[in-house]
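Structure data follow from target.pdb (PDB, C-alpha atoms):
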ATOM      1  CA  GLN A   1     106.789  77.071 123.013  1.00  0.00           C
ATOM      2  CA  VAL A   2     105.890  80.515 121.699  1.00  0.00           C
ATOM      3  CA  GLN A   3     102.202  81.348 121.939  1.00  0.00           C
ATOM      4  CA  LEU A   4     100.463  84.381 120.504  1.00  0.00           C
ATOM      5  CA  VAL A   5      96.864  85.175 121.397  1.00  0.00           C
ATOM      6  CA  GLU A   6      95.019  88.008 119.687  1.00  0.00           C
ATOM      7  CA  SER A   7      91.971  89.813 120.992  1.00  0.00           C
ATOM      8  CA  GLY A   8      90.069  93.022 120.412  1.00  0.00           C
ATOM      9  CA  GLY A   9      88.455  92.452 117.059  1.00  0.00           C
ATOM     10  CA  GLY A  10      84.822  93.227 116.378  1.00  0.00           C
ATOM     11  CA  LEU A  11      82.312  95.153 114.321  1.00  0.00           C
ATOM     12  CA  VAL A  12      82.740  98.905 113.945  1.00  0.00           C
ATOM     13  CA  GLN A  13      81.351 101.597 111.679  1.00  0.00           C
ATOM     14  CA  ALA A  14      83.515 103.340 109.130  1.00  0.00           C
ATOM     15  CA  GLY A  15      85.537 106.080 110.775  1.00  0.00           C
ATOM     16  CA  GLY A  16      85.598 104.232 114.081  1.00  0.00           C
ATOM     17  CA  SER A  17      88.464 102.747 116.050  1.00  0.00           C
ATOM     18  CA  LEU A  18      89.554  99.413 117.477  1.00  0.00           C
ATOM     19  CA  ARG A  19      92.574  98.294 119.452  1.00  0.00           C
ATOM     20  CA  LEU A  20      93.892  94.801 118.867  1.00  0.00           C
ATOM     21  CA  SER A  21      96.047  93.066 121.437  1.00  0.00           C
ATOM     22  CA  CYS A  22      98.510  90.210 121.048  1.00  0.00           C
ATOM     23  CA  ALA A  23      99.593  88.507 124.236  1.00  0.00           C
ATOM     24  CA  ALA A  24     102.911  86.733 123.741  1.00  0.00           C
ATOM     25  CA  SER A  25     104.270  83.983 125.969  1.00  0.00           C
ATOM     26  CA  GLY A  26     106.750  81.139 126.037  1.00  0.00           C
ATOM     27  CA  ARG A  27     110.033  83.046 126.114  1.00  0.00           C
ATOM     28  CA  THR A  28     111.578  86.483 126.299  1.00  0.00           C
ATOM     29  CA  PHE A  29     111.236  88.509 123.131  1.00  0.00           C
ATOM     30  CA  ASP A  30     114.066  91.033 123.374  1.00  0.00           C
ATOM     31  CA  SER A  31     115.631  89.971 120.087  1.00  0.00           C
ATOM     32  CA  TRP A  32     112.347  89.448 118.252  1.00  0.00           C
ATOM     33  CA  ARG A  33     110.211  91.347 115.819  1.00  0.00           C
ATOM     34  CA  MET A  34     106.441  91.264 116.147  1.00  0.00           C
ATOM     35  CA  GLY A  35     104.166  91.837 113.211  1.00  0.00           C
ATOM     36  CA  TRP A  36     100.517  92.311 112.357  1.00  0.00           C
ATOM     37  CA  PHE A  37      99.136  90.904 109.141  1.00  0.00           C
ATOM     38  CA  ARG A  38      95.630  90.708 107.747  1.00  0.00           C
ATOM     39  CA  GLN A  39      93.746  88.516 105.334  1.00  0.00           C
ATOM     40  CA  ALA A  40      90.469  89.345 103.658  1.00  0.00           C
ATOM     41  CA  PRO A  41      88.302  86.668 101.987  1.00  0.00           C
ATOM     42  CA  GLY A  42      89.773  85.604  98.677  1.00  0.00           C
ATOM     43  CA  LYS A  43      92.937  87.634  99.178  1.00  0.00           C
ATOM     44  CA  GLU A  44      96.462  86.843 100.254  1.00  0.00           C
ATOM     45  CA  ARG A  45      97.666  87.585 103.725  1.00  0.00           C
ATOM     46  CA  GLU A  46      99.330  90.999 103.764  1.00  0.00           C
ATOM     47  CA  PHE A  47     101.694  92.929 105.985  1.00  0.00           C
ATOM     48  CA  VAL A  48     100.198  95.683 108.135  1.00  0.00           C
ATOM     49  CA  ALA A  49     102.790  96.751 110.708  1.00  0.00           C
ATOM     50  CA  ALA A  50     105.789  95.523 112.668  1.00  0.00           C
ATOM     51  CA  ILE A  51     107.797  96.471 115.730  1.00  0.00           C
ATOM     52  CA  ARG A  52     111.199  95.459 117.047  1.00  0.00           C
ATOM     53  CA  TRP A  53     110.657  94.422 120.604  1.00  0.00           C
ATOM     54  CA  SER A  54     113.920  95.773 122.032  1.00  0.00           C
ATOM     55  CA  THR A  55     114.030  99.176 120.353  1.00  0.00           C
ATOM     56  CA  GLY A  56     110.386  99.865 119.602  1.00  0.00           C
ATOM     57  CA  ILE A  57     111.245 100.746 116.004  1.00  0.00           C
ATOM     58  CA  THR A  58     108.119 100.469 113.887  1.00  0.00           C
ATOM     59  CA  ASP A  59     107.233 100.031 110.265  1.00  0.00           C
ATOM     60  CA  TYR A  60     103.921 100.230 108.414  1.00  0.00           C
ATOM     61  CA  ALA A  61     102.297  99.325 105.167  1.00  0.00           C
ATOM     62  CA  ASP A  62     101.540 102.437 103.145  1.00  0.00           C
ATOM     63  CA  PHE A  63      97.794 101.881 103.306  1.00  0.00           C
ATOM     64  CA  VAL A  64      97.717 102.226 107.120  1.00  0.00           C
ATOM     65  CA  LYS A  65     100.240 105.002 107.691  1.00  0.00           C
ATOM     66  CA  GLY A  66      98.731 107.757 109.763  1.00  0.00           C
ATOM     67  CA  ARG A  67      95.764 105.609 110.793  1.00  0.00           C
ATOM     68  CA  PHE A  68      97.264 102.578 112.608  1.00  0.00           C
ATOM     69  CA  THR A  69      99.828 102.523 115.395  1.00  0.00           C
ATOM     70  CA  ILE A  70     101.731  99.486 116.612  1.00  0.00           C
ATOM     71  CA  SER A  71     103.163  99.486 120.116  1.00  0.00           C
ATOM     72  CA  ARG A  72     104.296  97.068 122.818  1.00  0.00           C
ATOM     73  CA  ASP A  73     104.123  96.825 126.577  1.00  0.00           C
ATOM     74  CA  ASN A  74     107.205  95.050 127.854  1.00  0.00           C
ATOM     75  CA  ALA A  75     105.772  94.431 131.308  1.00  0.00           C
ATOM     76  CA  LYS A  76     102.708  92.703 129.879  1.00  0.00           C
ATOM     77  CA  ASN A  77     104.487  90.999 126.958  1.00  0.00           C
ATOM     78  CA  THR A  78     101.754  92.398 124.752  1.00  0.00           C
ATOM     79  CA  VAL A  79     101.763  94.053 121.356  1.00  0.00           C
ATOM     80  CA  TYR A  80      98.959  96.376 120.317  1.00  0.00           C
ATOM     81  CA  LEU A  81      97.567  97.638 117.061  1.00  0.00           C
ATOM     82  CA  GLN A  82      95.565 100.822 117.467  1.00  0.00           C
ATOM     83  CA  MET A  83      93.396 101.273 114.397  1.00  0.00           C
ATOM     84  CA  ASN A  84      91.747 104.628 113.781  1.00  0.00           C
ATOM     85  CA  ASP A  85      89.645 105.983 110.933  1.00  0.00           C
ATOM     86  CA  LEU A  86      88.732 102.468 109.889  1.00  0.00           C
ATOM     87  CA  LYS A  87      87.451 101.845 106.380  1.00  0.00           C
ATOM     88  CA  PRO A  88      85.350  98.996 104.995  1.00  0.00           C
ATOM     89  CA  GLU A  89      88.414  97.786 103.096  1.00  0.00           C
ATOM     90  CA  ASP A  90      90.164  97.229 106.437  1.00  0.00           C
ATOM     91  CA  SER A  91      87.769  94.347 107.113  1.00  0.00           C
ATOM     92  CA  ALA A  92      89.783  91.147 107.485  1.00  0.00           C
ATOM     93  CA  ILE A  93      91.097  88.625 109.938  1.00  0.00           C
ATOM     94  CA  TYR A  94      94.052  90.193 111.697  1.00  0.00           C
ATOM     95  CA  TYR A  95      96.937  88.001 112.762  1.00  0.00           C
ATOM     96  CA  CYS A  96      99.793  88.592 115.161  1.00  0.00           C
ATOM     97  CA  ALA A  97     103.105  87.023 114.204  1.00  0.00           C
ATOM     98  CA  ALA A  98     106.634  86.810 115.572  1.00  0.00           C
ATOM     99  CA  TYR A  99     110.149  85.794 114.648  1.00  0.00           C
ATOM    100  CA  ASP A 100     113.589  85.807 116.195  1.00  0.00           C
ATOM    101  CA  LEU A 101     115.819  88.401 114.529  1.00  0.00           C
ATOM    102  CA  ASN A 102     118.797  86.094 115.023  1.00  0.00           C
ATOM    103  CA  TYR A 103     117.237  83.743 112.458  1.00  0.00           C
ATOM    104  CA  ALA A 104     115.888  86.289 109.994  1.00  0.00           C
ATOM    105  CA  MET A 105     115.907  84.876 106.478  1.00  0.00           C
ATOM    106  CA  THR A 106     113.823  87.360 104.527  1.00  0.00           C
ATOM    107  CA  SER A 107     112.121  90.739 104.710  1.00  0.00           C
ATOM    108  CA  PHE A 108     109.944  91.270 107.759  1.00  0.00           C
ATOM    109  CA  ARG A 109     107.177  92.357 105.395  1.00  0.00           C
ATOM    110  CA  GLN A 110     106.849  88.818 104.102  1.00  0.00           C
ATOM    111  CA  VAL A 111     104.570  86.201 105.627  1.00  0.00           C
ATOM    112  CA  ARG A 112     107.282  83.531 105.423  1.00  0.00           C
ATOM    113  CA  ALA A 113     109.558  85.537 107.700  1.00  0.00           C
ATOM    114  CA  TYR A 114     107.344  84.627 110.655  1.00  0.00           C
ATOM    115  CA  PRO A 115     107.268  81.064 112.039  1.00  0.00           C
ATOM    116  CA  TYR A 116     104.900  81.889 114.877  1.00  0.00           C
ATOM    117  CA  TRP A 117     101.304  82.998 114.419  1.00  0.00           C
ATOM    118  CA  GLY A 118      98.228  83.631 116.495  1.00  0.00           C
ATOM    119  CA  GLN A 119      94.786  82.324 115.671  1.00  0.00           C
ATOM    120  CA  GLY A 120      93.561  85.654 114.311  1.00  0.00           C
ATOM    121  CA  THR A 121      90.813  88.057 115.260  1.00  0.00           C
ATOM    122  CA  GLN A 122      88.040  89.254 112.958  1.00  0.00           C
ATOM    123  CA  VAL A 123      87.666  92.948 112.198  1.00  0.00           C
ATOM    124  CA  THR A 124      84.581  94.048 110.294  1.00  0.00           C
ATOM    125  CA  VAL A 125      84.039  97.655 109.264  1.00  0.00           C
ATOM    126  CA  SER A 126      80.586  98.596 108.066  1.00  0.00           C
ATOM    127  CA  SER A 127      79.954 101.460 105.677  1.00  0.00           C
TER     128      SER A 127
END
Would you mind writing the file out in structure tokens?
Amino acid sequence: QVQLVESGGGLVQAGGSLRLSCAASGRTFDSWRMGWFRQAPGKEREFVAAIRWSTGITDYADFVKGRFTISRDNAKNTVYLQMNDLKPEDSAIYYCAAYDLNYAMTSFRQVRAYPYWGQGTQVTVSS
């Protein structure tokens, strides 16, 4: 059973930084892609960043390029999202997600590509 547990959210002022963590367990993830999504009140869940576990290849939504960095620590089975220069519009619940590349059915930027999700962690950026 795949489990994803996020941590690291909180309240920060605009221009500040936070690092989110996603601890993954339940199997090995060599052939998996891990993603971060976010959902603000009244809005749809949207893609933020993704990383292929085996190669470390990353991809980002345009609105976070240059500010956010996704990475993984193989030894700790943990994926991180370093968020710098945060803006009030970055406020949302941030979710970690995962899927097996062997069963990919759609673009990794889509919510429905990911069958496994964490519980989310709240990020609030004050102006």
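Applied to this file, the PyMOL selection byres ((chain A and resi 5) around 6) selects Leu4, Glu6, Cys22, Ala23 and Gly118 of chain A.
For the set A:Trp117, A:Tyr95, A:Tyr60, A:Phe29, the residue with the smallest atom-to-atom gap to Asp73 in chain A is A:Phe29, counting all atoms listed in the file.
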Can you spell out as a ChimeraX atom specification the set of residues that the PyMOL selection byres ((chain A and resi 3) around 6) selects in the structure I just provided? /A:2,4,24-25
Using the chain letters and residue numbers of this document, give as an NGL selection string the residues selected by the PyMOL selection byres ((chain A and resi 127) around 9). :A and (13-15 or 87-88 or 125-126)
I need the residue nearest Val12 in chain A from this list: A:Leu86, A:Ile51, A:Ala92, A:Leu81. Use all atoms listed in the file for the distance. A:Leu86
Between CA of Arg33 in chain A and CA of Ala97 in chain A, what is the distance, to one decimal in Å?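 Going from CA of Arg33 in chain A over to CA of Ala97 in chain A covers 8.5 Å.
Our summary of the geometry notes that CA of Phe68 in chain A is positioned 14.7 Å from CA of Glu46 in chain A.
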Atom pair CA of Thr121 in chain A / CA of Phe108 in chain A: separation (Å):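 One can read the CA of Thr121 in chain A to CA of Phe108 in chain A distance as 20.8 Å.
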Which neighbours of Arg112 in chain A fall inside 12 Å, counting all atoms listed in the file, when residues of the same chain fewer than 4 positions from it are skipped, and could you give them as a list in words?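 Counting only the stated atoms, we get Gly35, Phe37, Arg45, Glu46, Phe47, Ala97, Ala98, Tyr99, Ala104, Met105, Thr106, Ser107, Phe108, Tyr116 and Trp117 of chain A.
Distances to Gly10 in chain A were evaluated for A:Trp53, A:Tyr94, A:Tyr80, A:Trp36 using all atoms listed in the file, and the minimum falls at A:Tyr94.
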Rank nothing, just name the residue among A:Arg27, A:Lys43, A:Arg52, A:Arg19 nearest to Gln1 in chain A, using all atoms listed in the file.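 When distances to Gln1 in chain A are compared using all atoms listed in the file, the smallest one comes from A:Arg27.
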So which residues fall inside 6 Å of (100.1, 98.5, 120.2) if we count only C-alpha atoms? Mind giving them as a PyMOL selection string? chain A and resi 70-72+79-82
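Restricting the calculation to only C-alpha atoms, the smallest distance between Thr55 in chain A and any of A:Ala75, A:Gln119, A:Val111, A:Ser31 is found for A:Ser31.
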Would you please work out which residue, of A:Pro115, A:Val48, A:Ala40, A:Gln110, is nearest to Asp62 in chain A when using only C-alpha atoms? A:Val48
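The environment of Met83 in chain A within 8 Å, counting all atoms listed in the file and disregarding residues fewer than 4 places along the same chain, consists of Ser17, Leu18, Arg19, Leu20, Arg67, Phe68 and Thr69 of chain A.
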Filtering to C-alpha atoms, could you give me those residues as a PDB file, in the frame of the given file?
ATOM      1  CA  SER A  17      88.464 102.747 116.050  1.00  0.00           C
ATOM      2  CA  LEU A  18      89.554  99.413 117.477  1.00  0.00           C
ATOM      3  CA  ARG A  19      92.574  98.294 119.452  1.00  0.00           C
ATOM      4  CA  LEU A  20      93.892  94.801 118.867  1.00  0.00           C
ATOM      5  CA  ARG A  67      95.764 105.609 110.793  1.00  0.00           C
ATOM      6  CA  PHE A  68      97.264 102.578 112.608  1.00  0.00           C
ATOM      7  CA  THR A  69      99.828 102.523 115.395  1.00  0.00           C
TER       8      THR A  69
END
